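**Q** Coordinates in target_33.cif, mmCIF, C-alpha atoms, are listed below.
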```cif
data_work
#
loop_
_atom_site.label_atom_id
_atom_site.label_comp_id
_atom_site.auth_asym_id
_atom_site.auth_seq_id
_atom_site.Cartn_x
_atom_site.Cartn_y
_atom_site.Cartn_z
CA MET A 146 60.64 24.73 -57.20
CA LEU A 147 61.59 24.91 -53.51
CA PHE A 148 62.27 21.25 -52.97
CA SER A 149 62.88 18.18 -55.06
CA LEU A 150 62.05 14.57 -54.24
CA ASP A 151 64.51 13.30 -56.82
CA ASN A 152 67.35 12.88 -54.30
CA PRO A 153 65.92 11.44 -51.11
CA VAL A 154 68.10 10.70 -48.11
CA HIS A 155 67.61 6.94 -48.62
CA THR A 156 67.06 5.21 -51.92
CA ASN A 157 63.75 3.41 -52.05
CA GLN A 158 64.98 -0.10 -51.40
CA SER A 159 67.72 0.76 -48.94
CA ASP A 160 65.26 2.82 -46.97
CA LEU A 161 63.00 -0.19 -46.65
CA GLU A 162 65.95 -2.38 -45.67
CA ALA A 163 67.12 0.18 -43.12
CA GLN A 164 63.69 -0.07 -41.51
CA GLU A 165 63.70 -3.86 -41.65
CA ASP A 166 63.52 -4.43 -37.91
CA PHE A 167 61.25 -1.48 -37.08
CA GLN A 168 58.10 -3.49 -36.47
CA ASP A 169 59.93 -5.84 -34.10
CA TRP A 170 61.10 -2.82 -32.10
CA GLU A 171 57.62 -1.32 -32.22
CA THR A 172 56.18 -4.56 -30.88
CA GLU A 173 58.52 -4.25 -27.90
CA ILE A 174 57.16 -0.75 -27.24
CA GLU A 175 53.56 -1.95 -27.56
CA ASN A 176 54.32 -4.74 -25.09
CA ALA A 177 55.71 -2.16 -22.67
CA ASN A 178 52.47 -0.18 -23.01
CA ALA A 179 50.46 -3.34 -22.46
CA ASP A 180 52.49 -4.32 -19.41
CA GLU A 181 51.81 -0.94 -17.84
CA ARG A 182 48.08 -1.32 -18.46
CA ASP A 183 48.11 -4.86 -17.08
CA THR A 184 49.49 -3.65 -13.77
CA ARG A 185 46.31 -1.61 -13.36
CA ARG A 186 43.87 -4.41 -14.15
CA SER A 187 43.85 -8.16 -14.46
CA SER A 188 44.23 -9.48 -17.98
CA SER A 189 41.21 -10.88 -19.78
CA PRO A 190 41.38 -13.80 -22.22
CA PHE A 191 40.99 -12.85 -25.85
CA PRO A 192 37.74 -14.38 -27.09
CA GLU A 193 38.69 -17.01 -29.63
CA ARG A 194 35.16 -17.54 -30.88
CA GLU A 195 33.65 -15.19 -33.42
CA ILE A 196 30.94 -13.47 -31.40
CA GLU A 197 28.63 -11.42 -33.56
CA GLU A 198 27.84 -8.49 -31.30
CA THR A 199 24.37 -7.09 -31.83
CA LEU A 200 24.43 -3.32 -31.79
CA PRO A 201 21.71 -1.41 -30.01
CA PRO A 202 18.91 -0.85 -32.52
CA VAL A 203 19.02 2.49 -34.32
CA ARG A 204 16.04 3.81 -36.20
CA ARG A 205 16.91 4.06 -39.88
CA ASP A 206 15.40 7.54 -40.22
CA THR A 207 17.47 8.73 -37.26
CA LEU A 208 20.65 7.27 -38.75
CA GLN A 209 19.94 8.78 -42.16
CA LYS A 210 19.34 12.18 -40.60
CA ALA A 211 22.61 11.99 -38.65
CA ASN A 212 24.57 11.00 -41.75
CA ALA A 213 22.98 13.80 -43.76
CA LEU A 214 23.99 16.37 -41.15
CA GLN A 215 27.58 15.16 -40.88
CA ASN A 216 29.71 16.37 -43.80
CA PRO A 217 26.86 17.17 -46.22
CA PRO A 218 27.63 17.16 -49.95
CA ARG A 219 28.65 20.43 -51.54
CA LYS A 220 25.89 22.94 -52.14
CA GLU A 221 23.54 21.71 -54.85
CA GLU A 222 25.47 18.42 -55.09
CA THR A 223 23.28 15.35 -55.15
CA TRP A 224 24.13 12.13 -53.33
CA GLU A 225 24.86 10.48 -56.67
CA ALA A 226 27.15 13.33 -57.72
CA TRP A 227 28.95 13.18 -54.39
CA LEU A 228 29.49 9.43 -54.76
CA ALA A 229 30.84 9.90 -58.28
CA ARG A 230 33.21 12.63 -57.11
CA MET A 231 34.49 10.50 -54.25
CA GLU A 232 35.01 7.52 -56.56
CA GLN A 233 37.21 9.71 -58.75
CA VAL A 234 39.11 11.15 -55.79
CA HIS A 235 40.06 7.70 -54.57
CA ALA A 236 40.83 6.41 -58.06
CA ASP A 237 43.26 9.32 -58.45
CA ARG A 238 44.88 8.57 -55.10
CA ARG A 239 45.34 4.90 -55.96
CA ALA A 240 46.93 5.88 -59.26
CA THR A 241 49.30 8.29 -57.49
CA VAL A 242 50.48 5.56 -55.12
CA ARG A 243 51.00 3.18 -58.02
CA ARG A 244 53.08 5.73 -59.95
CA ALA A 245 55.23 6.47 -56.90
CA CYS A 246 55.91 2.77 -56.36
CA GLU A 247 56.84 2.34 -60.02
CA ARG A 248 58.99 5.46 -60.11
CA HIS A 249 61.06 4.33 -57.13
CA ASN A 250 60.93 0.66 -58.13
CA ILE A 251 59.55 -0.37 -54.75
CA LYS A 252 58.16 -3.84 -55.10
CA GLY A 253 58.70 -7.27 -53.76
CA PRO A 254 57.04 -9.99 -51.74
CA LEU A 255 54.57 -9.28 -48.98
CA PRO A 256 56.30 -8.53 -45.66
CA PRO A 257 56.19 -11.35 -43.10
CA PRO A 258 53.04 -11.37 -40.95
CA ARG A 259 54.79 -9.89 -37.91
CA ARG A 260 55.10 -6.65 -39.90
CA LEU A 261 51.37 -6.57 -40.61
CA HIS A 262 50.44 -5.98 -36.99
CA LYS A 263 48.86 -2.60 -37.77
CA LEU A 264 46.46 -4.05 -40.34
CA ARG A 265 43.23 -4.64 -38.40
CA TYR A 266 40.62 -6.86 -40.00
CA ASN A 267 36.88 -7.34 -39.58
CA ASP A 268 35.45 -10.58 -40.96
CA PRO A 269 31.71 -9.74 -40.92
CA TYR A 270 32.29 -6.57 -42.98
CA ARG A 271 35.29 -7.97 -44.87
CA THR A 272 37.53 -4.99 -44.21
CA VAL A 273 41.23 -4.45 -43.49
CA PHE A 274 42.17 -1.10 -41.96
CA CYS A 275 45.79 0.03 -41.79
CA ASP A 276 45.99 1.76 -38.42
CA VAL A 277 48.29 4.78 -38.91
CA ALA A 278 48.87 6.51 -35.58
CA LYS A 279 48.26 10.28 -35.49
CA SER A 280 46.17 10.13 -38.67
CA GLY A 281 42.66 9.88 -37.31
CA SER A 282 43.23 6.34 -36.11
CA THR A 283 41.31 6.80 -32.86
CA THR A 284 38.21 8.04 -34.68
CA MET A 285 38.42 5.19 -37.17
CA LYS A 286 38.85 2.56 -34.46
CA GLN A 287 35.90 3.95 -32.53
CA ILE A 288 33.78 3.51 -35.65
CA LEU A 289 35.08 0.03 -36.43
CA ALA A 290 34.65 -1.07 -32.81
CA LYS A 291 30.89 -0.70 -33.12
CA VAL A 292 30.72 -3.31 -35.87
CA ASP A 293 33.48 -5.58 -34.58
CA PRO A 294 32.70 -9.10 -33.32
CA ASN A 295 34.79 -8.19 -30.26
CA TYR A 296 32.67 -5.13 -29.49
CA LYS A 297 31.73 -6.21 -25.94
CA TYR A 298 35.42 -6.53 -25.01
CA ILE A 299 36.36 -3.23 -26.71
CA ARG A 300 33.51 -1.42 -24.99
CA LYS A 301 34.90 -2.61 -21.64
CA PHE A 302 38.63 -2.11 -22.17
CA GLY A 303 38.86 0.50 -24.94
CA VAL A 304 40.16 0.72 -28.51
CA TYR A 305 43.80 0.94 -27.39
CA ASP A 306 43.80 -2.39 -25.61
CA PRO A 307 46.20 -4.75 -27.45
CA LYS A 308 43.48 -7.40 -27.62
CA ALA A 309 40.79 -5.07 -28.93
CA PHE A 310 41.14 -5.75 -32.67
CA LYS A 311 42.42 -8.73 -34.58
CA ASP A 312 45.27 -8.04 -36.99
CA LEU A 313 46.93 -9.90 -39.83
CA SER A 314 50.04 -10.80 -37.84
CA ARG A 315 48.11 -13.72 -36.32
CA PHE A 316 48.21 -15.67 -39.60
CA LYS A 317 51.03 -17.81 -40.93
CA GLU A 318 53.05 -16.54 -43.86
CA GLY A 319 51.49 -17.68 -47.14
CA SER A 320 48.42 -19.08 -45.42
CA ARG A 321 45.06 -19.13 -47.13
CA ASP A 322 43.56 -17.02 -44.33
CA LEU A 323 46.12 -14.27 -44.95
CA ARG A 324 45.86 -14.40 -48.75
CA ASP A 325 42.05 -14.33 -48.66
CA ARG A 326 41.86 -11.22 -46.50
CA LEU A 327 44.47 -9.34 -48.50
CA SER A 328 42.95 -10.35 -51.85
CA ASN A 329 39.23 -10.16 -51.17
CA TYR A 330 38.62 -7.73 -48.32
CA THR A 331 38.21 -3.97 -48.73
CA LYS A 332 41.48 -2.38 -47.64
CA PHE A 333 41.82 1.24 -46.60
CA MET A 334 43.94 3.69 -44.64
CA ILE A 335 43.83 7.31 -43.46
CA VAL A 336 47.01 9.36 -43.96
CA ARG A 337 48.11 12.82 -42.90
CA GLU A 338 50.41 15.60 -44.08
CA PRO A 339 53.77 14.27 -42.81
CA LEU A 340 55.15 17.30 -40.97
CA GLU A 341 51.79 18.02 -39.37
CA ARG A 342 51.65 14.40 -38.21
CA LEU A 343 55.21 14.64 -36.87
CA LEU A 344 54.31 17.72 -34.83
CA SER A 345 51.12 16.08 -33.59
CA ALA A 346 53.13 13.07 -32.40
CA TYR A 347 55.55 15.32 -30.53
CA GLN A 348 52.77 17.33 -28.87
CA ASP A 349 50.85 14.21 -27.86
CA LYS A 350 53.76 12.11 -26.63
CA PHE A 351 56.09 14.73 -25.15
CA ARG A 352 53.95 17.72 -24.19
CA TYR A 353 50.20 17.34 -23.62
CA GLY A 354 49.17 13.70 -23.88
CA LYS A 355 48.44 11.15 -21.17
CA ALA A 356 51.47 9.04 -22.16
CA VAL A 357 54.14 11.75 -21.74
CA GLU A 358 55.63 10.07 -18.67
CA LEU A 359 55.86 6.72 -20.46
CA PHE A 360 57.41 8.18 -23.62
CA GLU A 361 59.93 10.19 -21.63
CA ALA A 362 60.91 6.99 -19.84
CA LEU A 363 61.28 5.11 -23.14
CA TYR A 364 62.87 7.83 -25.30
CA GLY A 365 63.68 10.88 -23.19
CA ASP A 366 67.33 10.16 -22.47
CA TYR A 367 68.02 9.61 -26.17
CA PHE A 368 66.46 12.89 -27.26
CA VAL A 369 68.18 15.01 -24.58
CA LYS A 370 71.60 13.31 -24.79
CA ASP A 371 73.27 16.46 -26.17
CA ARG A 372 72.13 18.63 -23.28
CA ALA A 373 74.59 19.80 -20.68
CA PRO A 374 74.39 17.52 -17.60
CA SER A 375 72.95 20.33 -15.49
CA HIS A 376 70.05 20.70 -17.95
CA LYS A 377 69.02 17.06 -17.89
CA LYS A 378 67.29 17.35 -14.53
CA GLY A 379 63.55 17.63 -14.11
CA HIS A 380 61.63 20.66 -15.28
CA GLN A 381 61.26 23.41 -12.71
CA THR A 382 57.66 24.18 -11.79
CA ASN A 383 56.22 27.61 -11.02
CA THR A 384 56.58 26.89 -7.31
CA GLY A 385 60.28 26.17 -7.65
CA GLY A 386 59.96 22.40 -7.33
CA ASP A 387 61.21 19.73 -9.70
CA ASP A 388 58.43 17.77 -11.45
CA GLY A 389 60.88 15.18 -12.79
CA ARG A 390 60.01 15.91 -16.40
CA LEU A 391 62.76 16.11 -19.01
CA GLN A 392 60.63 18.41 -21.19
CA VAL A 393 62.01 17.21 -24.54
CA THR A 394 61.97 20.22 -26.86
CA PHE A 395 60.70 20.12 -30.42
CA PRO A 396 64.20 20.81 -31.89
CA GLU A 397 65.60 17.94 -29.80
CA PHE A 398 62.82 15.68 -31.03
CA VAL A 399 63.45 16.61 -34.67
CA ARG A 400 67.20 16.05 -34.37
CA GLY A 401 66.56 12.58 -33.00
CA VAL A 402 64.10 11.70 -35.75
CA LEU A 403 66.60 12.84 -38.38
CA THR A 404 69.21 10.34 -37.21
CA ARG A 405 66.91 7.48 -38.39
CA GLU A 406 68.49 5.37 -35.66
CA ARG A 407 66.33 2.60 -34.27
CA LYS A 408 66.35 3.97 -30.73
CA TYR A 409 64.54 7.12 -31.89
CA ARG A 410 61.85 5.41 -33.92
CA ASN A 411 58.22 4.84 -33.05
CA VAL A 412 55.06 4.10 -35.00
CA HIS A 413 53.61 7.51 -34.07
CA TRP A 414 56.19 9.35 -36.18
CA GLU A 415 57.55 6.64 -38.51
CA PRO A 416 56.80 7.26 -42.24
CA GLN A 417 53.29 6.11 -43.01
CA HIS A 418 54.24 3.87 -45.94
CA VAL A 419 56.48 1.83 -43.63
CA ILE A 420 53.40 0.94 -41.58
CA CYS A 421 50.99 0.15 -44.44
CA HIS A 422 53.23 -1.23 -47.23
CA PRO A 423 51.22 0.38 -50.07
CA CYS A 424 53.56 -0.92 -52.78
CA MET A 425 53.06 -4.52 -51.69
CA ILE A 426 49.39 -4.30 -50.71
CA HIS A 427 46.73 -2.83 -53.00
CA TYR A 428 44.52 -0.45 -51.04
CA ASP A 429 41.02 0.27 -52.27
CA TYR A 430 40.63 3.59 -50.48
CA ILE A 431 43.15 6.13 -49.17
CA GLY A 432 41.62 8.78 -46.97
CA HIS A 433 43.27 12.05 -45.96
CA LEU A 434 42.90 13.52 -42.50
CA ASP A 435 42.11 16.96 -43.93
CA THR A 436 39.16 15.48 -45.85
CA MET A 437 38.42 12.75 -43.32
CA GLY A 438 34.74 13.63 -42.98
CA ASP A 439 34.03 12.90 -46.63
CA ASP A 440 36.53 10.06 -46.94
CA VAL A 441 35.35 8.07 -43.93
CA LYS A 442 31.70 8.55 -44.83
CA PHE A 443 32.47 7.26 -48.33
CA ILE A 444 34.42 4.25 -47.02
CA MET A 445 31.64 3.49 -44.55
CA HIS A 446 29.14 3.59 -47.40
CA LYS A 447 31.22 1.30 -49.61
CA THR A 448 31.68 -1.25 -46.82
CA GLY A 449 28.11 -1.17 -45.51
CA ILE A 450 29.12 0.27 -42.13
CA LEU A 451 27.17 3.48 -42.77
CA ASP A 452 23.97 1.47 -42.33
CA LYS A 453 24.97 0.79 -38.71
CA VAL A 454 27.02 3.76 -37.54
CA ALA A 455 26.72 7.51 -38.12
CA ALA A 456 29.59 9.14 -40.01
CA PRO A 457 32.02 11.32 -38.01
CA ALA A 458 32.20 15.07 -38.41
CA GLN A 459 35.35 16.79 -39.65
CA THR A 460 37.18 18.07 -36.58
CA ALA A 461 39.84 20.72 -36.01
CA ARG A 462 43.45 19.64 -35.51
CA ARG A 463 45.65 21.34 -32.91
CA ALA A 464 48.91 20.56 -34.73
CA GLY A 465 47.66 22.22 -37.91
CA ASP A 466 46.96 25.45 -36.03
CA ASN A 467 50.46 26.07 -34.69
CA MET A 468 52.74 24.55 -37.32
CA ALA A 469 54.36 27.86 -38.27
CA GLU A 470 54.99 28.71 -34.63
CA MET A 471 56.51 25.34 -33.75
CA TYR A 472 58.58 24.90 -36.91
CA ALA A 473 59.97 28.42 -36.47
CA GLU A 474 62.23 26.77 -33.87
CA ILE A 475 63.61 24.35 -36.47
CA PRO A 476 66.45 25.40 -38.83
CA LEU A 477 65.53 25.39 -42.50
CA GLY A 478 68.19 22.77 -43.20
CA ASP A 479 66.58 20.37 -40.73
CA ILE A 480 63.14 20.94 -42.27
CA LEU A 481 64.54 20.14 -45.70
CA GLN A 482 66.04 16.95 -44.27
CA LEU A 483 62.64 16.03 -42.82
CA GLY A 484 61.18 16.45 -46.29
CA LYS A 485 63.64 13.86 -47.51
CA VAL A 486 62.94 11.45 -44.65
CA PHE A 487 59.24 11.60 -45.52
CA TYR A 488 59.73 11.96 -49.26
CA PHE A 489 57.78 8.86 -50.22
CA ASP A 490 54.79 9.78 -48.06
CA TYR A 491 54.71 13.18 -49.76
CA GLU A 492 54.85 11.74 -53.25
CA ALA A 493 52.68 8.65 -52.83
CA TYR A 494 49.90 10.29 -50.84
CA SER A 495 49.60 13.48 -52.91
CA PHE A 496 50.89 15.92 -50.30
CA SER A 497 52.98 18.93 -51.32
CA PHE A 498 56.15 19.60 -49.36
CA ASP A 499 56.53 22.90 -51.21
CA ASP A 500 53.14 24.08 -49.96
CA THR A 501 53.96 23.02 -46.41
CA LEU A 502 57.32 24.80 -46.56
CA LYS A 503 55.64 28.03 -47.68
CA LYS A 504 53.29 27.84 -44.68
CA ILE A 505 55.89 27.14 -42.03
CA LYS A 506 58.80 29.16 -43.44
CA PRO A 507 57.19 32.09 -45.31
CA ARG A 508 59.63 34.36 -47.06
#
```
What is this file in structure tokens?
**A**
Amino acid sequence: MLFSLDNPVHTNQSDLEAQEDFQDWETEIENANADERDTRRSSSPFPEREIEETLPPVRRDTLQKANALQNPPRKEETWEAWLARMEQVHADRRATVRRACERHNIKGPLPPPRRLHKLRYNDPYRTVFCDVAKSGSTTMKQILAKVDPNYKYIRKFGVYDPKAFKDLSRFKEGSRDLRDRLSNYTKFMIVREPLERLLSAYQDKFRYGKAVELFEALYGDYFVKDRAPSHKKGHQTNTGGDDGRLQVTFPEFVRGVLTRERKYRNVHWEPQHVICHPCMIHYDYIGHLDTMGDDVKFIMHKTGILDKVAAPAQTARRAGDNMAEMYAEIPLGDILQLGKVFYFDYEAYSFSFDDTLKKIKPR
């Protein structure tokens, strides 16, 4: 056994308490993102009325053909057999989450509504989706947008607009509206192998993504604080100029994440269970990014969305391709500490830290 989850860095309850104010901090970051967007366009009022957006008509035979081509069942597997297999897969995943919660004695009242801001709901289809960043959330939101009452607004301003989807934070604590949606709606999430998700967050927010400048402005000085003063200047370009970029390195990013200090935390790399509260909220379906094609198609079928929207295809993931190369820069001791930071995600969501360690640090 390469690694044990028996001695995590934080005990279950203290870990949750240590993250008590995370969502408030994350809301501040989201507001900063929103403010930047608002400087580029005038704000639009959020439609208060439930507007049932009529989707462009799609021929049923065309939709069925598209869904048959995307993520077909295994060879010689019938539709009924595929459904039965997927039912069992998700039953097993629910049971694994329940055992992890019981083992670590994580329980308690529902978090206050302000900490449910990543749980997006859709009244017509009676769904609640926990929006986990860097775990296929963009794909899932693009699907849900097409059956959302706010579709016209989303089509104009995009799925990342803060007013695009309604979330559970709008309801009062203990209200009937909140209880009804959590008790009677179909609840689901998509999760990802934790260290792959961590690397994906780094690559998107500090190397290749469109928001690199924003994230360097928000977090850069924290991550590079141990650099010599002469190395904190902008990155030198090929022409000898200074592009102003701090170029946060992956080791610097990892060291910051390992501190667990508030100033280093963000929803894109925060443990997934902190976002979705799986021990306090019973989820009907837990998809995995590496089987997202099957999982999303199954969830769409169970919620009736598959009758309106074609299922997505399984796509390649850049972070999964270069994990060994990127984690080669990280000392083994730091990787083991990361395993402890994300211990509950590994255990609850059926990921194997041992298998990941063998891939990124082969002997």
**Q** To one decimal in Å, tell me the separation between CA of Pro257 (chain A) and CA of Lys308 (chain A).
**A** 20.4 Å
**Q** Kindly give the distance, in Å, that separates CA of Val277 (chain A) and CA of Ala346 (chain A), rounded to a single decimal.
**A**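 It comes out at 11.6 Å.
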**Q** Starting from the PyMOL selection byres ((chain A and resi 241) around 12), expand the selection into actual residues of this file and give them as a list in words.
**A**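 Given this file, the PyMOL selection byres ((chain A and resi 241) around 12) evaluates to Val234, His235, Ala236, Asp237, Arg238, Arg239, Ala240, Val242, Arg243, Arg244, Ala245, Cys246, Glu247, Arg248, Pro423, Cys424, Tyr428, Ile431, Phe489, Asp490, Tyr491, Glu492, Ala493, Tyr494, Ser495 and Phe496 of chain A.
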**Q** Please, what distance in Å, to one decimal, runs between CA of Arg390 (chain A) and CA of Ala362 (chain A)?
**A**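 CA of Arg390 (chain A) sits 9.6 Å away from CA of Ala362 (chain A).
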**Q** With only C-alpha atoms as the basis for distance, which of A:Asp440, A:Asp452, A:Glu221, A:Glu361 is at the shortest distance from Tyr409 (chain A)?
**A**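 Closest to Tyr409 (chain A), using only C-alpha atoms: A:Glu361.
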**Q** Neighbours of Ile288 (chain A) within 9 Å (all atoms listed in the file; same-chain residues fewer than 4 positions away dropped), as a PyMOL selection string?
**A** chain A and resi 283-284+292+450+454-457
